[in-house]
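Structure file target-v3.cif; described as mmCIF, C-alpha atoms.
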```
data_coords
loop_
_atom_site.label_atom_id
_atom_site.label_comp_id
_atom_site.auth_asym_id
_atom_site.auth_seq_id
_atom_site.Cartn_x
_atom_site.Cartn_y
_atom_site.Cartn_z
CA MET A 1 92.64 79.56 68.91
CA ILE A 2 93.88 77.40 66.10
CA ASN A 3 94.65 74.00 67.62
CA ASN A 4 97.89 73.43 65.72
CA PHE A 5 99.17 76.82 66.77
CA ARG A 6 98.29 76.08 70.39
CA LYS A 7 100.29 72.85 70.20
CA LEU A 8 103.29 74.84 68.99
CA LEU A 9 103.14 77.19 71.98
CA ILE A 10 103.02 74.55 74.73
CA PRO A 11 106.62 73.25 74.47
CA GLN A 12 107.93 76.84 74.20
CA GLU A 13 106.22 77.67 77.52
CA ILE A 14 104.43 80.53 75.85
CA GLU A 15 101.10 81.67 77.26
CA TYR A 16 98.56 83.77 75.40
CA PHE A 17 95.34 85.69 75.53
CA VAL A 18 93.13 87.06 72.78
CA VAL A 19 91.53 90.53 72.96
CA ASN A 20 88.99 92.30 70.79
CA HIS A 21 89.23 95.87 69.46
CA SER A 22 88.17 97.22 72.89
CA CYS A 23 90.92 95.30 74.68
CA ILE A 24 88.40 92.91 76.27
CA ILE A 25 89.80 89.42 76.81
CA GLN A 26 88.11 86.80 74.62
CA GLU A 27 90.14 83.73 75.37
CA THR A 28 93.19 82.77 77.45
CA SER A 29 95.67 79.92 77.82
CA ALA A 30 95.65 77.89 81.03
CA SER A 31 98.49 79.60 82.90
CA VAL A 32 98.41 83.18 81.66
CA GLN A 33 97.16 84.25 85.12
CA ARG A 34 100.69 83.81 86.43
CA PHE A 35 101.81 86.88 84.50
CA ALA A 36 98.88 89.14 85.37
CA ASP A 37 99.53 92.21 87.48
CA THR A 38 96.50 91.39 89.59
CA ILE A 39 96.34 87.62 89.78
CA GLY A 40 92.93 86.20 89.00
CA ASP A 41 91.81 89.02 86.73
CA ALA A 42 93.00 87.71 83.37
CA LEU A 43 89.65 86.15 82.48
CA PRO A 44 87.39 86.38 79.42
CA GLY A 45 85.20 89.48 79.58
CA VAL A 46 87.73 91.52 81.56
CA ASP A 47 89.55 94.57 80.18
CA ALA A 48 93.09 93.27 79.55
CA ARG A 49 94.57 96.64 80.58
CA ILE A 50 93.56 95.95 84.20
CA CYS A 51 95.71 92.83 84.50
CA PHE A 52 98.31 93.84 81.90
CA PRO A 53 98.94 97.57 82.45
CA GLU A 54 101.65 97.41 79.77
CA LEU A 55 98.79 97.80 77.26
CA ILE A 56 97.78 101.21 78.63
CA GLY A 57 99.01 104.02 76.42
CA ILE A 58 99.68 101.81 73.40
CA GLU A 59 96.04 101.45 72.30
CA ASN A 60 96.81 103.31 69.06
CA ILE A 61 99.58 100.85 68.27
CA LEU A 62 97.26 97.89 68.93
CA THR A 63 94.63 99.45 66.66
CA SER A 64 97.19 99.87 63.89
CA ILE A 65 97.93 96.13 64.11
CA LEU A 66 94.20 95.36 63.83
CA LEU A 67 94.00 97.64 60.78
CA GLY A 68 96.93 95.84 59.18
CA GLN A 69 99.11 98.96 59.27
CA ARG A 70 101.62 97.26 61.49
CA THR A 71 102.55 93.60 61.89
CA SER A 72 103.39 93.42 65.59
CA PHE A 73 104.43 95.19 68.78
CA GLN A 74 106.81 93.79 71.37
CA VAL A 75 107.85 94.80 74.86
CA LYS A 76 110.82 92.85 76.20
CA GLY A 77 111.89 92.17 79.76
CA ILE A 78 108.78 93.18 81.70
CA ALA A 79 109.35 92.58 85.42
CA ARG A 80 106.41 91.37 87.43
CA PHE A 81 107.35 90.99 91.07
CA THR A 82 106.83 92.50 94.43
CA ASP A 83 109.40 90.30 96.14
CA ASN A 84 112.95 90.49 94.76
CA ASN A 85 113.57 86.93 95.96
CA TYR A 86 111.00 85.56 93.50
CA PRO A 87 111.46 87.49 90.26
CA LEU A 88 109.29 86.99 87.21
CA TYR A 89 110.12 88.47 83.80
CA PHE A 90 108.39 88.06 80.47
CA ASP A 91 108.32 89.32 76.88
CA LEU A 92 104.99 90.47 75.47
CA LEU A 93 104.22 90.27 71.74
CA ALA A 94 101.00 91.53 70.14
CA ILE A 95 100.05 90.26 66.67
CA GLU A 96 96.86 90.05 64.66
CA HIS A 97 94.77 87.01 65.51
CA GLU A 98 93.37 84.75 62.82
CA ASN A 99 90.39 82.53 63.52
CA GLU A 100 90.03 78.81 62.75
CA GLN A 101 89.24 79.55 59.11
CA GLY A 102 92.38 81.63 58.74
CA ASP A 103 90.45 84.92 58.53
CA SER A 104 91.47 87.96 60.49
CA SER A 105 88.68 88.78 62.94
CA SER A 106 89.48 92.16 64.53
CA GLN A 107 91.17 90.41 67.39
CA LEU A 108 94.69 90.54 68.74
CA LEU A 109 96.74 87.64 69.98
CA ILE A 110 99.00 88.59 72.89
CA LEU A 111 101.82 86.10 73.42
CA ILE A 112 103.62 85.95 76.77
CA GLU A 113 107.01 84.26 77.01
CA ASP A 114 108.66 83.61 80.38
CA THR A 115 112.18 85.09 80.25
CA THR A 116 112.93 85.02 83.98
CA GLU A 117 116.06 82.87 83.75
CA LYS A 118 117.66 85.03 81.05
CA MET A 119 116.74 88.30 82.75
CA VAL A 120 117.95 87.22 86.20
CA MET A 121 121.31 86.34 84.66
CA LYS A 122 121.35 89.68 82.83
CA GLN A 123 120.48 91.51 86.07
CA SER A 124 123.39 89.86 87.82
CA LEU A 125 125.84 90.86 85.05
CA ILE A 126 124.55 94.42 84.78
CA GLN A 127 124.61 94.80 88.56
CA ARG A 128 128.31 93.88 88.65
CA ALA A 129 129.19 96.08 85.67
CA ASN A 130 127.33 99.07 87.11
CA GLU A 131 128.81 98.63 90.58
CA ALA A 132 132.32 98.42 89.06
CA ASN A 133 131.62 101.55 87.04
CA LEU A 134 130.46 103.44 90.13
CA LEU A 135 133.52 102.26 92.05
CA VAL A 136 135.87 103.46 89.28
CA ARG A 137 134.10 106.81 89.31
CA ALA A 138 134.46 107.08 93.11
CA LEU A 139 138.15 106.18 92.90
CA GLU A 140 138.73 108.79 90.21
CA ALA A 141 137.02 111.42 92.35
CA SER A 142 139.08 110.38 95.37
CA LYS A 143 142.33 110.51 93.36
CA ASP A 144 141.41 113.92 92.00
CA TYR A 145 140.76 115.17 95.54
CA ILE A 146 144.08 113.82 96.87
CA ASN A 147 145.95 115.33 93.91
CA LYS A 148 144.40 118.72 94.66
CA VAL A 149 145.47 118.48 98.32
CA ILE A 150 149.03 117.47 97.37
CA SER A 151 149.46 120.13 94.72
CA SER A 152 148.11 122.93 96.89
CA MET A 153 149.74 122.04 100.24
CA GLY A 154 152.31 124.45 101.66
CA ASP A 155 154.92 121.81 102.53
CA ALA A 156 157.24 120.48 99.84
CA LEU A 157 156.38 116.86 99.13
CA LEU A 158 158.37 114.22 97.26
CA VAL A 159 157.41 110.60 96.71
CA THR A 160 160.30 108.30 95.83
CA THR A 161 161.01 104.62 95.34
CA THR A 162 162.96 102.79 98.05
CA LEU A 163 166.08 103.40 95.95
CA GLY A 164 165.48 107.14 96.06
CA MET A 165 164.12 107.75 92.53
CA ILE A 166 161.60 110.62 92.53
CA LYS A 167 158.11 109.62 91.36
CA THR A 168 155.91 112.51 92.47
CA VAL A 169 156.65 116.12 93.31
CA ASN A 170 154.25 118.85 94.33
CA GLN A 171 154.18 122.55 93.46
CA SER A 172 155.82 123.64 96.73
CA ALA A 173 158.76 121.26 96.18
CA GLN A 174 159.25 122.61 92.66
CA LEU A 175 159.33 126.17 94.05
CA LEU A 176 161.63 125.22 96.89
CA PHE A 177 164.20 123.40 94.79
CA GLY A 178 163.85 125.42 91.58
CA TYR A 179 163.16 122.49 89.28
CA SER A 180 160.16 121.86 87.07
CA GLU A 181 158.22 118.58 87.38
CA ALA A 182 159.69 117.28 84.09
CA GLU A 183 163.22 117.99 85.29
CA ILE A 184 162.87 116.26 88.62
CA ILE A 185 160.75 113.13 87.91
CA GLU A 186 162.77 109.88 87.63
CA GLN A 187 165.84 111.65 89.02
CA PRO A 188 167.60 110.49 92.20
CA LEU A 189 166.62 112.21 95.43
CA SER A 190 170.31 113.03 95.99
CA MET A 191 169.96 115.51 93.10
CA ILE A 192 168.14 117.90 95.42
CA VAL A 193 168.74 116.59 98.95
CA VAL A 194 172.49 116.30 99.29
CA GLU A 195 172.59 115.72 103.03
CA GLU A 196 172.98 112.01 103.62
CA LYS A 197 171.74 112.43 107.17
CA LEU A 198 168.42 113.81 106.01
CA LEU A 199 167.94 110.95 103.58
CA TYR A 200 168.80 108.47 106.30
CA GLN A 201 166.21 110.02 108.62
CA ALA A 202 163.59 109.96 105.90
CA ARG A 203 164.22 106.26 105.25
CA LEU A 204 163.92 105.56 108.98
CA GLU A 205 160.55 107.34 109.08
CA PHE A 206 159.45 105.43 105.99
CA SER A 207 160.25 102.06 107.51
CA SER A 208 158.54 102.89 110.79
CA GLU A 209 155.31 104.63 109.74
CA LYS A 210 154.96 105.88 106.17
CA GLU A 211 155.18 102.76 104.08
CA LEU A 212 153.21 102.98 100.83
CA GLY A 213 154.00 99.89 98.79
CA THR A 214 157.46 100.34 97.30
CA THR A 215 157.52 104.12 97.65
CA PHE A 216 158.14 106.47 100.53
CA ILE A 217 157.20 110.05 101.16
CA VAL A 218 159.47 112.93 102.14
CA THR A 219 157.79 116.10 103.35
CA ILE A 220 159.82 119.19 104.10
CA PRO A 221 158.17 122.11 105.93
CA PHE A 222 158.32 125.06 103.59
CA TYR A 223 158.53 128.52 105.16
CA LYS A 224 158.42 131.43 102.78
CA MET B 1 81.44 114.47 88.64
CA SER B 2 84.68 112.56 88.90
CA VAL B 3 86.75 110.95 86.21
CA THR B 4 89.81 108.67 86.20
CA ILE B 5 92.39 109.17 83.50
CA SER B 6 95.14 106.60 82.97
CA LYS B 7 98.49 107.96 81.83
CA LYS B 8 101.67 106.18 80.93
CA MET B 9 104.83 107.95 82.06
CA CYS B 10 108.46 106.84 81.91
CA MET B 11 111.50 107.31 84.11
CA ILE B 12 114.73 107.56 82.13
CA GLY B 13 118.32 108.46 82.88
CA ASP B 14 121.73 106.91 83.38
CA PHE B 15 122.16 103.85 85.57
CA GLY B 16 122.35 104.44 89.30
CA VAL B 17 120.82 107.93 89.31
CA GLY B 18 117.93 106.86 91.55
CA LYS B 19 114.98 106.25 89.20
CA THR B 20 113.79 103.16 91.08
CA SER B 21 114.40 104.84 94.45
CA MET B 22 112.23 107.80 93.44
CA ILE B 23 109.40 105.46 92.46
CA ARG B 24 109.75 103.50 95.71
CA ARG B 25 109.62 106.75 97.67
CA PHE B 26 106.56 107.97 95.75
CA VAL B 27 104.58 104.72 95.52
CA ASP B 28 105.65 102.72 98.60
CA ARG B 29 106.89 105.59 100.83
CA GLN B 30 110.14 103.68 101.36
CA PHE B 31 113.85 104.17 100.70
CA SER B 32 116.78 101.76 100.67
CA ASP B 33 120.48 102.60 100.33
CA GLN B 34 121.11 99.25 98.66
CA TYR B 35 121.68 99.58 94.90
CA LEU B 36 119.79 97.04 92.79
CA SER B 37 120.09 97.72 89.07
CA THR B 38 116.90 97.52 87.02
CA VAL B 39 116.83 95.39 83.90
CA GLY B 40 114.06 95.56 81.31
CA VAL B 41 111.12 97.47 82.69
CA LYS B 42 109.05 97.45 85.86
CA ILE B 43 105.64 99.08 85.87
CA SER B 44 104.14 100.61 89.01
CA ARG B 45 100.73 102.19 89.47
CA LYS B 46 99.72 105.12 91.61
CA ASN B 47 96.45 107.04 91.74
CA ILE B 48 96.57 110.72 92.56
CA VAL B 49 93.71 113.19 92.83
CA LEU B 50 94.32 116.39 90.89
CA GLU B 51 92.47 118.91 93.04
CA ASN B 52 93.28 122.08 91.14
CA SER B 53 92.76 120.76 87.64
CA ILE B 54 91.49 123.26 85.08
CA ARG B 55 88.82 120.69 84.15
CA GLN B 56 85.38 121.05 85.77
CA GLU B 57 85.20 117.61 87.37
CA ILE B 58 87.41 115.95 90.01
CA VAL B 59 90.18 114.18 88.15
CA THR B 60 91.99 111.12 89.43
CA ALA B 61 95.11 110.35 87.47
CA GLN B 62 96.12 106.71 87.38
CA LEU B 63 99.84 106.90 86.71
CA LEU B 64 101.46 103.92 85.02
CA ILE B 65 105.09 104.52 85.89
CA TRP B 66 107.54 102.69 83.61
CA ASP B 67 110.84 102.27 85.41
CA LEU B 68 113.31 101.67 82.57
CA GLU B 69 116.74 100.10 82.65
CA GLY B 70 119.30 102.88 82.96
CA HIS B 71 121.49 104.08 80.14
CA THR B 72 125.04 102.70 80.16
CA LYS B 73 127.93 103.19 77.74
CA PHE B 74 127.22 99.71 76.41
CA LYS B 75 123.45 100.00 76.03
CA GLY B 76 121.10 102.89 75.39
CA ILE B 77 117.38 103.16 76.19
CA ALA B 78 115.13 101.17 73.82
CA PRO B 79 112.63 103.55 72.13
CA THR B 80 109.96 100.81 72.16
CA TYR B 81 109.49 101.33 75.90
CA LEU B 82 108.73 105.02 75.37
CA GLN B 83 105.92 104.51 72.86
CA GLY B 84 102.56 105.73 74.10
CA ALA B 85 104.01 107.69 77.04
CA SER B 86 102.38 111.05 77.82
CA GLY B 87 105.29 112.23 79.90
CA VAL B 88 108.75 111.50 81.21
CA LEU B 89 110.86 112.22 84.24
CA ILE B 90 114.48 112.49 83.18
CA VAL B 91 116.58 111.75 86.24
CA ALA B 92 120.21 112.77 86.81
CA ASP B 93 122.52 112.38 89.80
CA VAL B 94 123.94 115.73 91.00
CA SER B 95 127.05 113.97 92.32
CA ARG B 96 127.90 112.55 88.85
CA SER B 97 128.30 115.32 86.28
CA GLU B 98 128.21 112.93 83.30
CA THR B 99 124.59 112.04 84.14
CA ILE B 100 123.66 115.73 83.84
CA GLU B 101 125.56 116.09 80.58
CA ARG B 102 123.51 113.25 79.12
CA ILE B 103 120.12 114.89 79.88
CA SER B 104 119.95 116.50 76.41
CA GLU B 105 120.41 113.08 74.80
CA HIS B 106 117.47 111.72 76.83
CA ILE B 107 115.31 114.73 75.91
CA GLN B 108 116.05 114.18 72.25
CA LEU B 109 115.23 110.47 72.45
CA PHE B 110 111.91 110.98 74.25
CA SER B 111 110.87 113.86 71.97
CA SER B 112 111.63 111.82 68.86
CA VAL B 113 109.17 109.14 70.03
CA ASN B 114 106.59 111.44 71.68
CA PRO B 115 106.85 114.96 70.22
CA LYS B 116 103.92 116.20 72.34
CA GLY B 117 104.93 114.45 75.57
CA SER B 118 105.65 116.38 78.77
CA ILE B 119 109.22 116.44 80.04
CA ILE B 120 110.39 117.23 83.58
CA ILE B 121 113.97 116.97 84.85
CA ALA B 122 114.82 115.61 88.29
CA LEU B 123 118.24 116.52 89.68
CA ASN B 124 118.34 113.76 92.25
CA LYS B 125 120.52 113.01 95.32
CA VAL B 126 120.65 116.68 96.35
CA ASP B 127 121.38 115.54 99.91
CA LEU B 128 124.92 114.73 98.70
CA ILE B 129 126.06 118.22 97.62
CA ASP B 130 126.03 121.77 98.97
CA GLU B 131 123.54 124.42 97.87
CA GLU B 132 126.10 126.58 96.09
CA LYS B 133 127.09 123.79 93.72
CA LEU B 134 123.45 122.77 93.31
CA ALA B 135 122.46 126.27 92.13
CA ILE B 136 125.01 126.02 89.31
CA LEU B 137 123.72 122.59 88.27
CA VAL B 138 120.12 123.84 88.23
CA ASP B 139 121.17 126.62 85.83
CA VAL B 140 122.93 124.04 83.65
CA ALA B 141 119.81 121.84 83.60
CA HIS B 142 117.59 124.81 82.66
CA SER B 143 119.89 125.73 79.80
CA ILE B 144 119.93 122.12 78.53
CA GLY B 145 116.14 121.82 78.70
CA GLN B 146 115.27 125.10 77.01
CA ASP B 147 111.69 125.18 75.69
CA LYS B 148 111.07 121.42 75.69
CA VAL B 149 111.20 121.00 79.45
CA THR B 150 108.25 121.95 81.66
CA ALA B 151 110.23 122.17 84.90
CA VAL B 152 113.45 121.28 86.71
CA TYR B 153 113.20 119.91 90.26
CA THR B 154 115.92 119.20 92.79
CA THR B 155 114.98 115.96 94.50
CA SER B 156 116.19 113.43 97.02
CA ALA B 157 114.64 109.98 97.16
CA LYS B 158 116.51 109.56 100.45
CA THR B 159 114.95 112.50 102.27
CA GLY B 160 111.81 112.66 100.12
CA LYS B 161 112.54 116.24 99.01
CA ASP B 162 110.20 117.25 96.16
CA VAL B 163 109.54 113.65 95.12
CA ASP B 164 105.74 113.87 95.49
CA GLU B 165 105.80 117.34 93.97
CA ILE B 166 107.58 116.27 90.79
CA PHE B 167 105.19 113.36 90.13
CA HIS B 168 102.18 115.59 90.82
CA LYS B 169 103.52 118.26 88.48
CA LEU B 170 103.98 115.75 85.68
CA ALA B 171 100.51 114.28 86.28
CA TYR B 172 98.91 117.75 86.05
CA THR B 173 100.84 118.58 82.90
CA MET B 174 99.93 115.31 81.20
CA VAL B 175 96.21 115.53 82.09
CA GLU B 176 95.88 119.19 81.14
CA LYS B 177 97.37 118.53 77.72
CA LEU B 178 94.28 116.46 76.88
#
```
Represent the structure of the file as structure tokens.
Amino acid sequence: MINNFRKLLIPQEIEYFVVNHSCIIQETSASVQRFADTIGDALPGVDARICFPELIGIENILTSILLGQRTSFQVKGIARFTDNNYPLYFDLLAIEHENEQGDSSSQLLILIEDTTEKMVMKQSLIQRANEANLLVRALEASKDYINKVISSMGDALLVTTTLGMIKTVNQSAQLLFGYSEAEIIEQPLSMIVVEEKLLYQARLEFSSEKELGTTFIVTIPFYK
Amino acid sequence: MSVTISKKMCMIGDFGVGKTSMIRRFVDRQFSDQYLSTVGVKISRKNIVLENSIRQEIVTAQLLIWDLEGHTKFKGIAPTYLQGASGVLIVADVSRSETIERISEHIQLFSSVNPKGSIIIALNKVDLIDEEKLAILVDVAHSIGQDKVTAVYTTSAKTGKDVDEIFHKLAYTMVEKL
């Protein structure tokens, strides 16, 4: 490893290992073991694919870097943990390795950058976003279900504000009173229920057991 | 004679469809109801013996299972993760129709990176819906997959239904394509 290059990596907290064309480790930095899948195996002479299984399957890509057909290959956000309480994430970058004289030597330099802090923050944000998304979906499904029950129920149902303005009307109520939904919405309840006594009773029921925010529900048994 | 063949496979699909839960069921024989979203990629290994392989020797497949961050409306699946994969399990949640509708998008993405890769669809969380509805969804999945998909399985990471079977099927298909 070129000494100057090594000095550049230390403050960035970047670890590395060098492999030959057969993926055998030639050289490693001091703390690269921390990122190995099987701790203790990232040693010179060992097949790098044992301790870094991310390299399995991409041998052709690594060869194309050695042949100069490609400049690099990167895998971001690799998680390496068995215990969720102690997460470890890193980015892996493979580039051609040059020796001390600056010649390419059929070797690859694999750089490992610890990205745990960034990825843990990202996980927390994505977790919240995804949970919110699932909740919205569940609420939509629940609303859809309730709407189906209301629209298909046999009893006429009206939802009004406390002042008696109609907000919701189901199919049975439209049939019973002979108005379409467009005609009845935002109209006063007195338009269809003229009996003051009935309205009074409905308000009493609302205040005792059927409170729903600022609306109340009137259901009228509908016998065909 | 016995031989071990290492194969990279990926799990892709929308977020929250149960990709990680399927891997946990298959690799660790565990299941948790708690949802923990995956970010980046987590690689798991599992060796399985392919007893009825068409090859003469006993084949052990070492599966490298790449559990990828799920697709969301803000972020798709990065093609880099799919490079070098011999197969993919595309996972959808039968209780969320939009995850089934997006299967064709996932097929297209995987095929564009790995034209010869094996593709199997997992309709997961079948414990949440009735059989009548499930039959319709299976037909939909078959019609989406057409000739690119090897098989469609109905799975449940919760009960374990067909989880081992789907991984074994993909392993066989990947090894026999050699």
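Distances here use all atoms listed in the file; by that measure, the residue among A:Arg128, A:Lys167, A:Lys76, A:His97 closest to Pro79 of chain B is A:Lys76.
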| Could you write out as a list in words the residues that the PyMOL selection byres ((chain B) within 8 of (chain A)) matches in the shown file? | Ser6, Lys7, Lys8, Phe15, Gly16, Leu36, Ser37, Thr38, Val39, Gly40, Val41, Lys42, Ile43, Leu64, Thr80, Tyr81, Gln83, Gly84, Ala85 and Ser86 of chain B
Include C-alpha atoms and write out the residues we just selected as a compact mmCIF listing (two decimals), in the coordinates of the input.
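The resulting out_32.txt:
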```
# COMPACT_ATOMS: atom_id res chain seq x y z
CA SER B 6 95.14 106.60 82.97
CA LYS B 7 98.49 107.96 81.83
CA LYS B 8 101.67 106.18 80.93
CA PHE B 15 122.16 103.85 85.57
CA GLY B 16 122.35 104.44 89.30
CA LEU B 36 119.79 97.04 92.79
CA SER B 37 120.09 97.72 89.07
CA THR B 38 116.90 97.52 87.02
CA VAL B 39 116.83 95.39 83.90
CA GLY B 40 114.06 95.56 81.31
CA VAL B 41 111.12 97.47 82.69
CA LYS B 42 109.05 97.45 85.86
CA ILE B 43 105.64 99.08 85.87
CA LEU B 64 101.46 103.92 85.02
CA THR B 80 109.96 100.81 72.16
CA TYR B 81 109.49 101.33 75.90
CA GLN B 83 105.92 104.51 72.86
CA GLY B 84 102.56 105.73 74.10
CA ALA B 85 104.01 107.69 77.04
CA SER B 86 102.38 111.05 77.82
```
| field | Hits from the PyMOL selection byres ((chain A and resi 28) around 6), listed as a PyMOL selection string | value | chain A and resi 16-17+27+29
Provide an axis-aligned box for all listed atoms of segment 40-49 of chain A, padding each side by 5 Å; report its centre and its edge lengths in Å to one decimal, as JSON.
```
{"center_x": 89.9, "center_y": 91.4, "center_z": 84.2, "size_x": 19.4, "size_y": 20.5, "size_z": 19.6}
```
| Mind pulling up the distance from atom CA of Ala157 of chain B to atom CA of Met22 of chain B? |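 Separation between atom CA of Met22 of chain B and atom CA of Ala157 of chain B: 4.9 Å.
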For Lys46 of chain B, work out the shell of residues within 7 Å, counting all atoms listed in the file and skipping chain neighbours fewer than 2 positions away, then give it as a PDB file with C-alpha atoms, keeping the file's coordinate frame.
```pdb
ATOM      1  CA  VAL B  27     104.580 104.720  95.520  1.00  0.00           C
ATOM      2  CA  SER B  44     104.140 100.610  89.010  1.00  0.00           C
ATOM      3  CA  ILE B  48      96.570 110.720  92.560  1.00  0.00           C
ATOM      4  CA  GLN B  62      96.120 106.710  87.380  1.00  0.00           C
ATOM      5  CA  LEU B  63      99.840 106.900  86.710  1.00  0.00           C
ATOM      6  CA  LEU B  64     101.460 103.920  85.020  1.00  0.00           C
TER       7      LEU B  64
END
```
| request: Tell me which of B:Asp93, B:Asp14, B:Glu51, B:Asp28 sits closest to Ala171 of chain B, counting only C-alpha atoms. | output: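 The closest residue to Ala171 of chain B is B:Glu51.
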Some atoms are missing, so please complete segment 38-54 of chain A with N, CA and C atoms and return it as an mmCIF file, keeping the file's coordinate frame.
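Below you can see out.cif, which holds the result:
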```cif
data_model
loop_
_atom_site.group_PDB
_atom_site.id
_atom_site.type_symbol
_atom_site.label_atom_id
_atom_site.label_comp_id
_atom_site.auth_asym_id
_atom_site.auth_seq_id
_atom_site.Cartn_x
_atom_site.Cartn_y
_atom_site.Cartn_z
ATOM 1 N N THR A 38 97.410 91.742 88.499
ATOM 2 C CA THR A 38 96.500 91.390 89.590
ATOM 3 C C THR A 38 96.025 89.974 89.321
ATOM 4 N N ILE A 39 96.595 89.041 90.063
ATOM 5 C CA ILE A 39 96.340 87.620 89.780
ATOM 6 C C ILE A 39 94.855 87.297 89.952
ATOM 7 N N GLY A 40 94.334 86.587 88.952
ATOM 8 C CA GLY A 40 92.930 86.200 89.000
ATOM 9 C C GLY A 40 92.050 87.031 88.103
ATOM 10 N N ASP A 41 92.621 88.116 87.554
ATOM 11 C CA ASP A 41 91.810 89.020 86.730
ATOM 12 C C ASP A 41 91.890 88.732 85.234
ATOM 13 N N ALA A 42 92.852 87.940 84.810
ATOM 14 C CA ALA A 42 93.000 87.710 83.370
ATOM 15 C C ALA A 42 91.979 86.649 82.906
ATOM 16 N N LEU A 43 90.733 87.066 82.842
ATOM 17 C CA LEU A 43 89.650 86.150 82.480
ATOM 18 C C LEU A 43 88.863 86.722 81.308
ATOM 19 N N PRO A 44 88.211 85.876 80.515
ATOM 20 C CA PRO A 44 87.390 86.380 79.420
ATOM 21 C C PRO A 44 86.338 87.370 79.927
ATOM 22 N N GLY A 45 86.178 88.457 79.198
ATOM 23 C CA GLY A 45 85.200 89.480 79.580
ATOM 24 C C GLY A 45 85.819 90.645 80.329
ATOM 25 N N VAL A 46 87.063 90.469 80.782
ATOM 26 C CA VAL A 46 87.730 91.520 81.560
ATOM 27 C C VAL A 46 88.586 92.384 80.622
ATOM 28 N N ASP A 47 88.672 93.679 80.945
ATOM 29 C CA ASP A 47 89.550 94.570 80.180
ATOM 30 C C ASP A 47 91.010 94.156 80.447
ATOM 31 N N ALA A 48 91.722 93.790 79.390
ATOM 32 C CA ALA A 48 93.090 93.270 79.550
ATOM 33 C C ALA A 48 94.032 94.303 80.159
ATOM 34 N N ARG A 49 93.688 95.587 80.049
ATOM 35 C CA ARG A 49 94.570 96.640 80.580
ATOM 36 C C ARG A 49 94.596 96.646 82.108
ATOM 37 N N ILE A 50 93.587 96.011 82.732
ATOM 38 C CA ILE A 50 93.560 95.950 84.200
ATOM 39 C C ILE A 50 94.649 94.983 84.690
ATOM 40 N N CYS A 51 94.737 93.836 84.037
ATOM 41 C CA CYS A 51 95.710 92.830 84.500
ATOM 42 C C CYS A 51 97.044 92.928 83.755
ATOM 43 N N PHE A 52 97.056 93.605 82.632
ATOM 44 C CA PHE A 52 98.310 93.840 81.900
ATOM 45 C C PHE A 52 98.444 95.336 81.609
ATOM 46 N N PRO A 53 98.869 96.109 82.608
ATOM 47 C CA PRO A 53 98.940 97.570 82.450
ATOM 48 C C PRO A 53 99.910 98.014 81.361
ATOM 49 N N GLU A 54 100.730 97.094 80.875
ATOM 50 C CA GLU A 54 101.650 97.410 79.770
ATOM 51 C C GLU A 54 100.885 97.849 78.518
#
```
